[in-house]
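Structure file data19.cif with mmCIF, C-alpha atoms:
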data_model
loop_
_atom_site.group_PDB
_atom_site.id
_atom_site.type_symbol
_atom_site.label_atom_id
_atom_site.label_comp_id
_atom_site.auth_asym_id
_atom_site.auth_seq_id
_atom_site.Cartn_x
_atom_site.Cartn_y
_atom_site.Cartn_z
ATOM 1 C CA MET V 1 110.118 84.845 60.502
ATOM 2 C CA ILE V 2 108.653 82.488 63.098
ATOM 3 C CA ARG V 3 109.960 84.726 65.842
ATOM 4 C CA ALA V 4 108.352 87.808 64.302
ATOM 5 C CA PHE V 5 105.037 85.950 64.037
ATOM 6 C CA PHE V 6 105.365 84.868 67.667
ATOM 7 C CA ASN V 7 106.056 88.467 68.735
ATOM 8 C CA TRP V 8 102.989 89.622 66.791
ATOM 9 C CA LEU V 9 100.802 86.875 68.260
ATOM 10 C CA MET V 10 101.907 87.440 71.856
ATOM 11 C CA PRO V 11 102.902 91.067 72.364
ATOM 12 C CA HIS V 12 102.839 90.468 76.110
ATOM 13 C CA PRO V 13 103.729 86.805 76.906
ATOM 14 C CA LEU V 14 103.497 87.290 80.678
ATOM 15 C CA LEU V 15 99.974 88.745 80.397
ATOM 16 C CA THR V 16 99.013 85.749 78.246
ATOM 17 C CA LEU V 17 100.283 83.397 80.960
ATOM 18 C CA ILE V 18 98.514 85.300 83.768
ATOM 19 C CA LEU V 19 95.193 85.425 81.904
ATOM 20 C CA THR V 20 95.356 81.681 81.148
ATOM 21 C CA VAL V 21 96.135 80.804 84.781
ATOM 22 C CA VAL V 22 93.405 83.119 86.135
ATOM 23 C CA TRP V 23 90.836 81.691 83.709
ATOM 24 C CA THR V 24 91.766 78.128 84.703
ATOM 25 C CA LEU V 25 91.560 78.996 88.416
ATOM 26 C CA LEU V 26 88.151 80.621 87.900
ATOM 27 C CA GLN V 27 86.811 77.312 86.540
ATOM 28 C CA ASN V 28 87.917 75.639 89.798
ATOM 29 C CA GLN V 29 88.818 72.411 87.995
ATOM 30 C CA VAL V 30 91.515 71.711 85.459
ATOM 31 C CA SER V 31 90.252 70.414 82.150
ATOM 32 C CA ALA V 32 92.026 70.573 78.796
ATOM 33 C CA GLY V 33 89.162 72.426 77.145
ATOM 34 C CA MET V 34 89.174 75.232 79.680
ATOM 35 C CA VAL V 35 92.968 75.613 79.530
ATOM 36 C CA VAL V 36 92.749 75.921 75.740
ATOM 37 C CA PHE V 37 89.927 78.445 76.020
ATOM 38 C CA GLY V 38 91.952 80.386 78.604
ATOM 39 C CA LEU V 39 94.897 80.345 76.205
ATOM 40 C CA ILE V 40 92.658 81.717 73.428
ATOM 41 C CA LEU V 41 91.516 84.535 75.732
ATOM 42 C CA GLY V 42 95.116 85.060 76.818
ATOM 43 C CA ILE V 43 96.161 85.555 73.199
ATOM 44 C CA ILE V 44 93.198 87.662 72.046
ATOM 45 C CA ILE V 45 93.063 90.129 74.972
ATOM 46 C CA PRO V 46 96.747 91.277 74.843
ATOM 47 C CA LEU V 47 96.486 91.471 71.033
ATOM 48 C CA ILE V 48 93.489 93.797 71.189
ATOM 49 C CA THR V 49 94.768 95.913 74.086
ATOM 50 C CA SER V 50 98.458 96.152 73.054
ATOM 51 C CA ALA V 51 97.846 99.698 71.760
ATOM 52 C CA TRP V 52 97.313 100.800 75.365
ATOM 53 C CA TRP V 53 100.659 99.410 76.573
ATOM 54 C CA PRO V 54 103.084 101.683 74.749
ATOM 55 C CA ASP V 55 105.995 101.767 77.215
ATOM 56 C CA ARG V 56 105.775 98.432 78.947
ATOM 57 C CA PRO V 57 109.105 97.220 80.386
ATOM 58 C CA GLN V 58 110.979 94.937 77.996
ATOM 59 C CA GLY V 59 113.357 93.120 80.331
ATOM 60 C CA PHE V 60 111.403 91.354 83.053
ATOM 61 C CA LYS V 61 112.966 88.538 85.077
ATOM 62 C CA LEU V 62 110.218 86.131 86.115
ATOM 63 C CA GLY V 63 112.464 83.938 88.311
ATOM 64 C CA LYS V 64 113.615 86.883 90.419
ATOM 65 C CA MET V 65 110.009 88.118 90.631
ATOM 66 C CA VAL V 66 108.970 84.752 92.138
ATOM 67 C CA SER V 67 111.707 84.858 94.804
ATOM 68 C CA TYR V 68 110.817 88.528 95.480
ATOM 69 C CA THR V 69 107.143 87.534 95.965
ATOM 70 C CA LEU V 70 108.080 84.773 98.426
ATOM 71 C CA MET V 71 110.279 87.191 100.379
ATOM 72 C CA VAL V 72 107.436 89.744 100.510
ATOM 73 C CA ILE V 73 104.943 87.112 101.733
ATOM 74 C CA TRP V 74 107.333 86.196 104.549
ATOM 75 C CA ASP V 75 107.791 89.904 105.390
ATOM 76 C CA ILE V 76 104.005 90.383 105.451
ATOM 77 C CA MET V 77 103.618 87.637 108.065
ATOM 78 C CA VAL V 78 106.407 89.064 110.243
ATOM 79 C CA ALA V 79 104.952 92.572 109.801
ATOM 80 C CA ASN V 80 101.510 91.420 110.886
ATOM 81 C CA VAL V 81 102.816 90.068 114.177
ATOM 82 C CA GLN V 82 104.783 93.286 114.767
ATOM 83 C CA VAL V 83 101.814 95.549 113.999
ATOM 84 C CA ALA V 84 99.458 93.383 116.077
ATOM 85 C CA TRP V 85 101.929 93.671 118.974
ATOM 86 C CA ILE V 86 102.048 97.476 118.600
ATOM 87 C CA VAL V 87 98.233 97.683 118.433
ATOM 88 C CA LEU V 88 97.737 95.566 121.542
ATOM 89 C CA THR V 89 100.534 96.828 123.800
ATOM 90 C CA ARG V 90 101.435 100.441 122.946
ATOM 91 C CA SER V 91 99.476 103.474 124.052
ATOM 92 C CA ASN V 92 98.591 106.198 121.556
ATOM 93 C CA ALA V 93 100.860 108.715 123.291
ATOM 94 C CA SER V 94 103.976 106.541 122.988
ATOM 95 C CA LEU V 95 103.610 106.004 119.218
ATOM 96 C CA ARG V 96 105.966 107.992 117.025
ATOM 97 C CA PRO V 97 104.387 108.197 113.566
ATOM 98 C CA ALA V 98 106.628 109.806 110.953
ATOM 99 C CA TRP V 99 106.799 110.698 107.261
ATOM 100 C CA VAL V 100 109.592 108.981 105.355
ATOM 101 C CA VAL V 101 110.685 110.331 101.968
ATOM 102 C CA ILE V 102 112.240 107.815 99.603
ATOM 103 C CA PRO V 103 114.147 109.156 96.571
ATOM 104 C CA LEU V 104 113.417 106.703 93.752
ATOM 105 C CA GLU V 105 115.957 105.215 91.370
ATOM 106 C CA LEU V 106 113.290 103.138 89.628
ATOM 107 C CA LYS V 107 111.946 104.627 86.400
ATOM 108 C CA HIS V 108 109.274 102.181 85.177
ATOM 109 C CA PRO V 109 105.744 103.028 86.392
ATOM 110 C CA GLU V 110 105.089 99.285 86.822
ATOM 111 C CA ALA V 111 108.137 98.889 89.085
ATOM 112 C CA ILE V 112 107.164 101.942 91.173
ATOM 113 C CA SER V 113 103.614 100.542 91.564
ATOM 114 C CA ILE V 114 104.996 97.219 92.798
ATOM 115 C CA LEU V 115 107.336 99.010 95.235
ATOM 116 C CA ALA V 116 104.464 101.161 96.584
ATOM 117 C CA GLY V 117 102.250 98.082 96.979
ATOM 118 C CA THR V 118 105.020 96.185 98.751
ATOM 119 C CA ILE V 119 105.595 99.070 101.148
ATOM 120 C CA THR V 120 101.899 99.224 102.017
ATOM 121 C CA LEU V 121 101.746 95.479 102.723
ATOM 122 C CA THR V 122 104.906 95.313 104.906
ATOM 123 C CA PRO V 123 106.112 96.409 108.388
ATOM 124 C CA GLY V 124 104.211 99.420 109.723
ATOM 125 C CA THR V 125 104.529 101.507 106.574
ATOM 126 C CA VAL V 126 101.944 102.844 104.097
ATOM 127 C CA SER V 127 102.921 104.476 100.817
ATOM 128 C CA ALA V 128 100.939 107.699 100.673
ATOM 129 C CA ASP V 129 101.940 109.774 97.680
ATOM 130 C CA LEU V 130 104.292 110.275 94.751
ATOM 131 C CA SER V 131 106.012 113.579 93.971
ATOM 132 C CA ASP V 132 104.637 115.533 91.015
ATOM 133 C CA GLU V 133 107.273 114.254 88.588
ATOM 134 C CA GLY V 134 107.624 110.782 90.070
ATOM 135 C CA HIS V 135 111.121 110.951 91.560
ATOM 136 C CA SER V 136 110.223 110.483 95.240
ATOM 137 C CA LEU V 137 107.825 108.322 97.192
ATOM 138 C CA LEU V 138 106.121 109.492 100.378
ATOM 139 C CA VAL V 139 105.748 106.793 103.037
ATOM 140 C CA HIS V 140 104.004 107.008 106.377
ATOM 141 C CA ALA V 141 105.525 104.910 109.169
ATOM 142 C CA LEU V 142 103.408 103.829 112.131
ATOM 143 C CA ASP V 143 106.155 103.780 114.729
ATOM 144 C CA CYS V 144 109.739 104.732 113.939
ATOM 145 C CA ASP V 145 112.359 106.733 115.792
ATOM 146 C CA ASN V 146 114.739 106.930 112.824
ATOM 147 C CA PRO V 147 113.181 107.696 109.397
ATOM 148 C CA ASP V 148 116.573 107.367 107.674
ATOM 149 C CA ALA V 149 116.915 103.742 108.797
ATOM 150 C CA VAL V 150 113.458 102.915 107.390
ATOM 151 C CA ARG V 151 114.367 104.625 104.117
ATOM 152 C CA ASP V 152 117.655 102.711 103.818
ATOM 153 C CA GLU V 153 115.964 99.401 104.608
ATOM 154 C CA ILE V 154 113.312 99.914 101.912
ATOM 155 C CA LYS V 155 115.947 100.990 99.394
ATOM 156 C CA ASN V 156 118.256 98.055 100.133
ATOM 157 C CA ARG V 157 115.678 95.339 100.628
ATOM 158 C CA TYR V 158 113.016 96.084 98.017
ATOM 159 C CA GLU V 159 114.131 98.737 95.546
ATOM 160 C CA ARG V 160 117.487 97.102 94.782
ATOM 161 C CA ARG V 161 115.751 93.808 93.970
ATOM 162 C CA LEU V 162 113.151 95.547 91.786
ATOM 163 C CA MET V 163 115.979 97.272 89.893
ATOM 164 C CA GLU V 164 117.280 93.781 89.064
ATOM 165 C CA ILE V 165 113.825 92.524 88.019
ATOM 166 C CA PHE V 166 113.052 95.465 85.712
ATOM 167 C CA THR V 167 116.237 95.978 83.753
ATOM 168 C CA MET X 1 90.679 59.005 108.889
ATOM 169 C CA THR X 2 93.853 60.505 110.317
ATOM 170 C CA LEU X 3 94.010 62.904 107.381
ATOM 171 C CA GLN X 4 90.560 64.181 108.292
ATOM 172 C CA ILE X 5 91.566 64.702 111.919
ATOM 173 C CA ILE X 6 94.699 66.602 110.885
ATOM 174 C CA GLY X 7 92.566 68.597 108.427
ATOM 175 C CA THR X 8 90.079 69.521 111.140
ATOM 176 C CA TYR X 9 92.834 70.774 113.426
ATOM 177 C CA ALA X 10 94.501 72.698 110.593
ATOM 178 C CA VAL X 11 91.181 74.356 109.673
ATOM 179 C CA ALA X 12 90.513 75.240 113.321
ATOM 180 C CA PHE X 13 94.028 76.670 113.718
ATOM 181 C CA CYS X 14 93.712 78.801 110.567
ATOM 182 C CA LEU X 15 90.268 80.045 111.624
ATOM 183 C CA PHE X 16 91.675 81.014 115.025
ATOM 184 C CA ILE X 17 94.633 82.891 113.502
ATOM 185 C CA GLY X 18 92.369 84.661 111.003
ATOM 186 C CA ALA X 19 89.801 85.653 113.613
ATOM 187 C CA PHE X 20 92.540 86.882 115.965
ATOM 188 C CA PHE X 21 94.204 89.124 113.393
ATOM 189 C CA SER X 22 90.851 90.472 112.173
ATOM 190 C CA LEU X 23 89.973 91.338 115.766
ATOM 191 C CA VAL X 24 93.326 93.076 116.245
ATOM 192 C CA GLY X 25 92.670 95.077 113.064
ATOM 193 C CA VAL X 26 89.320 96.262 114.432
ATOM 194 C CA ILE X 27 90.879 97.123 117.815
ATOM 195 C CA GLY X 28 93.566 99.154 116.053
ATOM 196 C CA LEU X 29 90.963 100.960 113.948
ATOM 197 C CA LEU X 30 89.050 101.962 117.079
ATOM 198 C CA LYS X 31 92.044 102.686 119.301
ATOM 199 C CA PHE X 32 94.318 104.940 117.230
ATOM 200 C CA ASN X 33 93.334 108.598 117.233
ATOM 201 C CA ASP X 34 95.062 109.976 114.143
ATOM 202 C CA PRO X 35 93.674 109.349 110.619
ATOM 203 C CA MET X 36 97.067 108.234 109.259
ATOM 204 C CA THR X 37 97.958 105.828 112.061
ATOM 205 C CA ARG X 38 94.415 104.459 111.922
ATOM 206 C CA LEU X 39 95.089 103.466 108.333
ATOM 207 C CA HIS X 40 97.862 101.069 109.395
ATOM 208 C CA ALA X 41 95.840 98.584 111.439
ATOM 209 C CA PRO X 42 93.297 97.392 108.822
ATOM 210 C CA THR X 43 95.632 97.455 105.807
ATOM 211 C CA LYS X 44 98.160 95.117 107.299
ATOM 212 C CA VAL X 45 96.423 93.006 109.859
ATOM 213 C CA GLY X 46 93.499 92.577 107.462
ATOM 214 C CA THR X 47 95.606 90.834 104.826
ATOM 215 C CA VAL X 48 96.753 88.005 107.092
ATOM 216 C CA GLY X 49 93.362 87.875 108.820
ATOM 217 C CA ILE X 50 91.482 87.284 105.573
ATOM 218 C CA GLY X 51 94.371 85.219 104.190
ATOM 219 C CA ALA X 52 94.178 82.740 107.074
ATOM 220 C CA LEU X 53 90.372 82.497 106.823
ATOM 221 C CA LEU X 54 90.645 81.761 103.090
ATOM 222 C CA LEU X 55 93.380 79.195 103.783
ATOM 223 C CA ALA X 56 91.026 77.477 106.244
ATOM 224 C CA SER X 57 88.342 77.370 103.547
ATOM 225 C CA MET X 58 90.835 75.926 101.068
ATOM 226 C CA ILE X 59 92.087 73.196 103.442
ATOM 227 C CA HIS X 60 88.493 72.267 104.256
ATOM 228 C CA ALA X 61 87.626 71.970 100.570
ATOM 229 C CA TRP X 62 90.689 69.831 99.796
ATOM 230 C CA VAL X 63 90.297 67.478 102.771
ATOM 231 C CA PHE X 64 86.519 67.034 102.935
ATOM 232 C CA GLY X 65 85.327 67.544 99.393
ATOM 233 C CA GLU X 66 86.424 68.513 95.955
ATOM 234 C CA GLY X 67 89.480 70.720 95.897
ATOM 235 C CA SER X 68 88.931 74.423 95.439
ATOM 236 C CA MET X 69 91.371 77.001 94.101
ATOM 237 C CA HIS X 70 89.115 80.072 94.113
ATOM 238 C CA GLU X 71 90.582 81.185 97.426
ATOM 239 C CA ALA X 72 94.053 81.550 95.915
ATOM 240 C CA LEU X 73 92.539 83.877 93.324
ATOM 241 C CA ILE X 74 90.713 85.913 95.994
ATOM 242 C CA MET X 75 93.967 86.245 97.938
ATOM 243 C CA ALA X 76 95.891 87.363 94.846
ATOM 244 C CA PHE X 77 93.291 90.019 93.948
ATOM 245 C CA LEU X 78 93.104 91.155 97.577
ATOM 246 C CA PHE X 79 96.869 91.628 97.823
ATOM 247 C CA VAL X 80 96.868 93.625 94.592
ATOM 248 C CA THR X 81 93.918 95.888 95.477
ATOM 249 C CA ALA X 82 94.428 96.481 99.243
ATOM 250 C CA PRO X 83 97.401 98.888 98.789
ATOM 251 C CA ILE X 84 95.419 100.942 96.254
ATOM 252 C CA SER X 85 92.523 101.689 98.606
ATOM 253 C CA ALA X 86 95.043 102.480 101.390
ATOM 254 C CA ASN X 87 96.841 104.827 99.010
ATOM 255 C CA PHE X 88 93.574 106.601 98.137
ATOM 256 C CA ILE X 89 92.671 107.085 101.810
ATOM 257 C CA ALA X 90 96.172 108.443 102.526
ATOM 258 C CA LYS X 91 95.857 110.873 99.604
ATOM 259 C CA VAL X 92 92.501 112.116 100.903
ATOM 260 C CA ASN X 93 94.045 112.640 104.351
ATOM 261 C CA ILE X 94 96.871 114.712 102.859
ATOM 262 C CA HIS X 95 94.496 116.661 100.625
ATOM 263 C CA ARG X 96 92.119 117.545 103.466
ATOM 264 C CA LYS X 97 95.045 118.391 105.774
ATOM 265 C CA ALA X 98 93.675 115.827 108.234
ATOM 266 C CA CYS X 99 97.256 114.872 109.141
ATOM 267 C CA GLU X 100 100.606 116.566 109.476
ATOM 268 C CA THR X 101 101.658 118.086 106.133
ATOM 269 C CA PRO X 102 104.525 115.968 104.749
ATOM 270 C CA PRO X 103 108.019 117.438 104.185
ATOM 271 C CA ASP X 104 108.861 118.565 100.639
ATOM 272 C CA PRO X 105 110.394 115.952 98.315
ATOM 273 C CA PRO X 106 114.152 116.342 97.693
ATOM 274 C CA LYS X 107 114.083 116.223 93.866
ATOM 275 C CA ASP X 108 110.746 117.559 92.581
ATOM 276 C CA ASP X 109 108.624 120.571 93.528
ATOM 277 C CA THR X 110 105.876 119.055 95.622
ATOM 278 C CA TRP X 111 103.734 115.966 96.222
ATOM 279 C CA SER X 112 101.216 115.200 93.501
ATOM 280 C CA THR X 113 98.265 115.527 95.891
ATOM 281 C CA LEU X 114 99.391 119.026 96.945
ATOM 282 C CA VAL X 115 99.826 120.399 93.412
ATOM 283 C CA ASP X 116 97.686 123.522 93.090
ATOM 284 C CA PRO X 117 95.673 123.213 89.867
ATOM 285 C CA LEU X 118 95.079 126.987 89.779
ATOM 286 C CA ALA X 119 98.788 127.865 90.093
ATOM 287 C CA PRO X 120 100.405 129.418 86.979
ATOM 288 C CA GLU X 121 101.839 126.792 84.615
ATOM 289 C CA ASP X 122 105.592 126.326 84.497
ATOM 290 C CA ASP X 123 107.741 127.521 81.579
ATOM 291 C CA LYS X 124 107.742 124.260 79.609
ATOM 292 C CA ALA X 125 103.947 124.114 79.459
ATOM 293 C CA LEU X 126 103.826 127.772 78.389
ATOM 294 C CA GLU X 127 106.328 127.127 75.601
ATOM 295 C CA LYS X 128 104.252 124.236 74.278
ATOM 296 C CA ALA X 129 101.174 126.452 74.183
#
Using structure tokens, write down the structure that the file contains.
Amino acid sequence: MIRAFFNWLMPHPLLTLILTVVWTLLQNQVSAGMVVFGLILGIIIPLITSAWWPDRPQGFKLGKMVSYTLMVIWDIMVANVQVAWIVLTRSNASLRPAWVVIPLELKHPEAISILAGTITLTPGTVSADLSDEGHSLLVHALDCDNPDAVRDEIKNRYERRLMEIFT
Amino acid sequence: MTLQIIGTYAVAFCLFIGAFFSLVGVIGLLKFNDPMTRLHAPTKVGTVGIGALLLASMIHAWVFGEGSMHEALIMAFLFVTAPISANFIAKVNIHRKACETPPDPPKDDTWSTLVDPLAPEDDKALEKA
């Protein structure tokens, strides 16, 4: 009974949490009143918009998402130094840009969006396109001599972890 | 007093890192000669460039005045939206054939940008109609 009421009140608990935190950060100072108001917004907005989230993923592991985010932030910093080095030292003629095709095992649109965003933010790769039925991801690599190695690294490092987050 | 000195150095260091990476991003944008490779420099170097500048602003606010958390929010929104604009530019490049045409995907027919809207519908769509 209580659980059913809770499910009705918060159809999307994570969205409630994010909205509350964003509202509190927007105020730039923590006060009880603003946290409560953020919580009210965080409950009302998912309630009103839940009709537009028909197939949202049910199993979502927040703890693994946090460790994934930290890993990606570290990768972004390493990637920046690598790309800066390529920009400053390599001539245009010696660059070997290549298309990399990644067959996707992920099914959730949310998971694929996160994977594409991660790829764009990390080492010398930009996600460019999705195949017409969403089973492959097209990635452009700035400088790679072996597209298969890039594909395997993305699959092992990012996609495998996202499979665990979105079960 | 010492905290303020450390804060000043930390702010200066972050400003230097941010300015350096922003400069590298601009150099990359000007130097590369292909639309797709040109996309790489600003999307990646820009994130750490702006990130370090925002971090400098945050340290300054915490050490010398009232703490500020707006920068964390800016960074979060920036990291979420930067890949989307990069993706749009890449799609335009593919659509206008400004770059090498990508190889066909292994499982599906073609890439979503290259789907011909005037091509005859496939069997499933015809059956539905």
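Relative to CA of Ala76 in chain X, CA of Gly134 in chain V is found at 26.6 Å.
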Specify as a PyMOL selection string each residue included when the PyMOL selection byres ((chain V) within 8 of (chain X)) is applied to this file. chain V and resi 22+25-26+28-29+76-77+79-80+83-84+87-88+92+97+99+101+103+116-117+120-122+124-136+138+140+142
May I have the selected residues written with C-alpha atoms, as a PDB file, in the coordinates of the input?
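Here's the written file part-v3.pdb:
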ATOM      1  CA  VAL V  22      93.405  83.119  86.135  1.00  0.00           C
ATOM      2  CA  LEU V  25      91.560  78.996  88.416  1.00  0.00           C
ATOM      3  CA  LEU V  26      88.151  80.621  87.900  1.00  0.00           C
ATOM      4  CA  ASN V  28      87.917  75.639  89.798  1.00  0.00           C
ATOM      5  CA  GLN V  29      88.818  72.411  87.995  1.00  0.00           C
ATOM      6  CA  ILE V  76     104.005  90.383 105.451  1.00  0.00           C
ATOM      7  CA  MET V  77     103.618  87.637 108.065  1.00  0.00           C
ATOM      8  CA  ALA V  79     104.952  92.572 109.801  1.00  0.00           C
ATOM      9  CA  ASN V  80     101.510  91.420 110.886  1.00  0.00           C
ATOM     10  CA  VAL V  83     101.814  95.549 113.999  1.00  0.00           C
ATOM     11  CA  ALA V  84      99.458  93.383 116.077  1.00  0.00           C
ATOM     12  CA  VAL V  87      98.233  97.683 118.433  1.00  0.00           C
ATOM     13  CA  LEU V  88      97.737  95.566 121.542  1.00  0.00           C
ATOM     14  CA  ASN V  92      98.591 106.198 121.556  1.00  0.00           C
ATOM     15  CA  PRO V  97     104.387 108.197 113.566  1.00  0.00           C
ATOM     16  CA  TRP V  99     106.799 110.698 107.261  1.00  0.00           C
ATOM     17  CA  VAL V 101     110.685 110.331 101.968  1.00  0.00           C
ATOM     18  CA  PRO V 103     114.147 109.156  96.571  1.00  0.00           C
ATOM     19  CA  ALA V 116     104.464 101.161  96.584  1.00  0.00           C
ATOM     20  CA  GLY V 117     102.250  98.082  96.979  1.00  0.00           C
ATOM     21  CA  THR V 120     101.899  99.224 102.017  1.00  0.00           C
ATOM     22  CA  LEU V 121     101.746  95.479 102.723  1.00  0.00           C
ATOM     23  CA  THR V 122     104.906  95.313 104.906  1.00  0.00           C
ATOM     24  CA  GLY V 124     104.211  99.420 109.723  1.00  0.00           C
ATOM     25  CA  THR V 125     104.529 101.507 106.574  1.00  0.00           C
ATOM     26  CA  VAL V 126     101.944 102.844 104.097  1.00  0.00           C
ATOM     27  CA  SER V 127     102.921 104.476 100.817  1.00  0.00           C
ATOM     28  CA  ALA V 128     100.939 107.699 100.673  1.00  0.00           C
ATOM     29  CA  ASP V 129     101.940 109.774  97.680  1.00  0.00           C
ATOM     30  CA  LEU V 130     104.292 110.275  94.751  1.00  0.00           C
ATOM     31  CA  SER V 131     106.012 113.579  93.971  1.00  0.00           C
ATOM     32  CA  ASP V 132     104.637 115.533  91.015  1.00  0.00           C
ATOM     33  CA  GLU V 133     107.273 114.254  88.588  1.00  0.00           C
ATOM     34  CA  GLY V 134     107.624 110.782  90.070  1.00  0.00           C
ATOM     35  CA  HIS V 135     111.121 110.951  91.560  1.00  0.00           C
ATOM     36  CA  SER V 136     110.223 110.483  95.240  1.00  0.00           C
ATOM     37  CA  LEU V 138     106.121 109.492 100.378  1.00  0.00           C
ATOM     38  CA  HIS V 140     104.004 107.008 106.377  1.00  0.00           C
ATOM     39  CA  LEU V 142     103.408 103.829 112.131  1.00  0.00           C
TER      40      LEU V 142
END
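Here CA of Pro46 in chain V stands at a distance of 11.6 Å from CA of Thr20 in chain V.
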Report as a list in words all protein, DNA and RNA residues lying within 7 Å of Ala52 in chain X, evaluated on all atoms listed in the file, omitting residues in the same chain fewer than 4 positions from it. Cys14, Leu15, Ile17, Gly18, Val48 and Ala56 of chain X
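Coordinates place CA of Arg96 in chain V at a distance of 23.7 Å from CA of Ser85 in chain X.
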On this structure, which residues satisfy the PyMOL selection byres ((chain V and resi 72) around 12), written as an NGL selection string? (:V and (65-71 or 73-79 or 114-115 or 117-123 or 154 or 157-158 or 161-162)) or (:X and (79))
Range 1-9 of chain V surroundings by only C-alpha atoms, 9 Å radius, close-in-sequence under 4 positions cut, as a PyMOL selection string: chain V and resi 13+43-44+46-47
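Using only C-alpha atoms, the nearest neighbour of Ser91 in chain V within the list V:Glu110, V:Asp143, V:Gly59, V:Met34 is V:Asp143.
Residues in contact with range 58-60 of chain X at 7 Å, where all atoms listed in the file are counted and same-chain residues fewer than 3 positions away are skipped, are listed as Gly7, Val11, Leu54, Leu55, Val63, Phe64, Ser68 and Glu71 of chain X.
Around Val35 in chain V, within 9 Å and counting all atoms listed in the file, the residues found are Thr20, Val21, Trp23, Thr24, Val30, Ser31, Leu39 and Ile40 of chain V, once anything fewer than 4 positions away on its own chain is removed.
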Can you complete the atoms of range 102-115 of chain X to N, CA, C and O atoms and list them as a PDB file, in the frame of the given file?
ATOM      1  N   PRO X 102     103.226 116.633 104.924  1.00  0.00           N
ATOM      2  CA  PRO X 102     104.525 115.968 104.749  1.00  0.00           C
ATOM      3  C   PRO X 102     105.624 116.935 104.332  1.00  0.00           C
ATOM      4  O   PRO X 102     105.333 117.998 103.764  1.00  0.00           O
ATOM      5  N   PRO X 103     106.892 116.596 104.606  1.00  0.00           N
ATOM      6  CA  PRO X 103     108.019 117.438 104.185  1.00  0.00           C
ATOM      7  C   PRO X 103     108.146 117.430 102.657  1.00  0.00           C
ATOM      8  O   PRO X 103     107.736 116.486 102.007  1.00  0.00           O
ATOM      9  N   ASP X 104     108.724 118.482 102.095  1.00  0.00           N
ATOM     10  CA  ASP X 104     108.861 118.565 100.639  1.00  0.00           C
ATOM     11  C   ASP X 104     109.780 117.475 100.107  1.00  0.00           C
ATOM     12  O   ASP X 104     110.731 117.081 100.766  1.00  0.00           O
ATOM     13  N   PRO X 105     109.502 116.962  98.898  1.00  0.00           N
ATOM     14  CA  PRO X 105     110.394 115.952  98.315  1.00  0.00           C
ATOM     15  C   PRO X 105     111.731 116.572  97.915  1.00  0.00           C
ATOM     16  O   PRO X 105     111.779 117.765  97.579  1.00  0.00           O
ATOM     17  N   PRO X 106     112.821 115.785  97.963  1.00  0.00           N
ATOM     18  CA  PRO X 106     114.152 116.342  97.693  1.00  0.00           C
ATOM     19  C   PRO X 106     114.381 116.718  96.225  1.00  0.00           C
ATOM     20  O   PRO X 106     115.113 117.652  95.947  1.00  0.00           O
ATOM     21  N   LYS X 107     113.744 115.980  95.283  1.00  0.00           N
ATOM     22  CA  LYS X 107     114.083 116.223  93.866  1.00  0.00           C
ATOM     23  C   LYS X 107     113.063 117.118  93.159  1.00  0.00           C
ATOM     24  O   LYS X 107     113.426 118.022  92.449  1.00  0.00           O
ATOM     25  N   ASP X 108     111.765 116.821  93.333  1.00  0.00           N
ATOM     26  CA  ASP X 108     110.746 117.559  92.581  1.00  0.00           C
ATOM     27  C   ASP X 108     110.174 118.701  93.419  1.00  0.00           C
ATOM     28  O   ASP X 108     110.602 118.944  94.544  1.00  0.00           O
ATOM     29  N   ASP X 109     109.167 119.386  92.863  1.00  0.00           N
ATOM     30  CA  ASP X 109     108.624 120.571  93.528  1.00  0.00           C
ATOM     31  C   ASP X 109     107.778 120.214  94.745  1.00  0.00           C
ATOM     32  O   ASP X 109     107.999 120.715  95.834  1.00  0.00           O
ATOM     33  N   THR X 110     106.791 119.350  94.526  1.00  0.00           N
ATOM     34  CA  THR X 110     105.876 119.055  95.622  1.00  0.00           C
ATOM     35  C   THR X 110     105.260 117.673  95.412  1.00  0.00           C
ATOM     36  O   THR X 110     105.556 117.000  94.434  1.00  0.00           O
ATOM     37  N   TRP X 111     104.417 117.247  96.372  1.00  0.00           N
ATOM     38  CA  TRP X 111     103.734 115.966  96.222  1.00  0.00           C
ATOM     39  C   TRP X 111     102.549 116.123  95.289  1.00  0.00           C
ATOM     40  O   TRP X 111     101.921 117.187  95.241  1.00  0.00           O
ATOM     41  N   SER X 112     102.218 115.054  94.560  1.00  0.00           N
ATOM     42  CA  SER X 112     101.216 115.200  93.501  1.00  0.00           C
ATOM     43  C   SER X 112      99.853 115.579  94.058  1.00  0.00           C
ATOM     44  O   SER X 112      99.073 116.254  93.392  1.00  0.00           O
ATOM     45  N   THR X 113      99.556 115.158  95.313  1.00  0.00           N
ATOM     46  CA  THR X 113      98.265 115.527  95.891  1.00  0.00           C
ATOM     47  C   THR X 113      98.199 117.008  96.212  1.00  0.00           C
ATOM     48  O   THR X 113      97.140 117.613  96.200  1.00  0.00           O
ATOM     49  N   LEU X 114      99.372 117.625  96.503  1.00  0.00           N
ATOM     50  CA  LEU X 114      99.391 119.026  96.945  1.00  0.00           C
ATOM     51  C   LEU X 114      99.587 120.007  95.791  1.00  0.00           C
ATOM     52  O   LEU X 114      99.668 121.210  96.021  1.00  0.00           O
ATOM     53  N   VAL X 115      99.663 119.495  94.553  1.00  0.00           N
ATOM     54  CA  VAL X 115      99.826 120.399  93.412  1.00  0.00           C
ATOM     55  C   VAL X 115      98.587 121.275  93.314  1.00  0.00           C
ATOM     56  O   VAL X 115      97.460 120.792  93.374  1.00  0.00           O
TER      57      VAL X 115
END
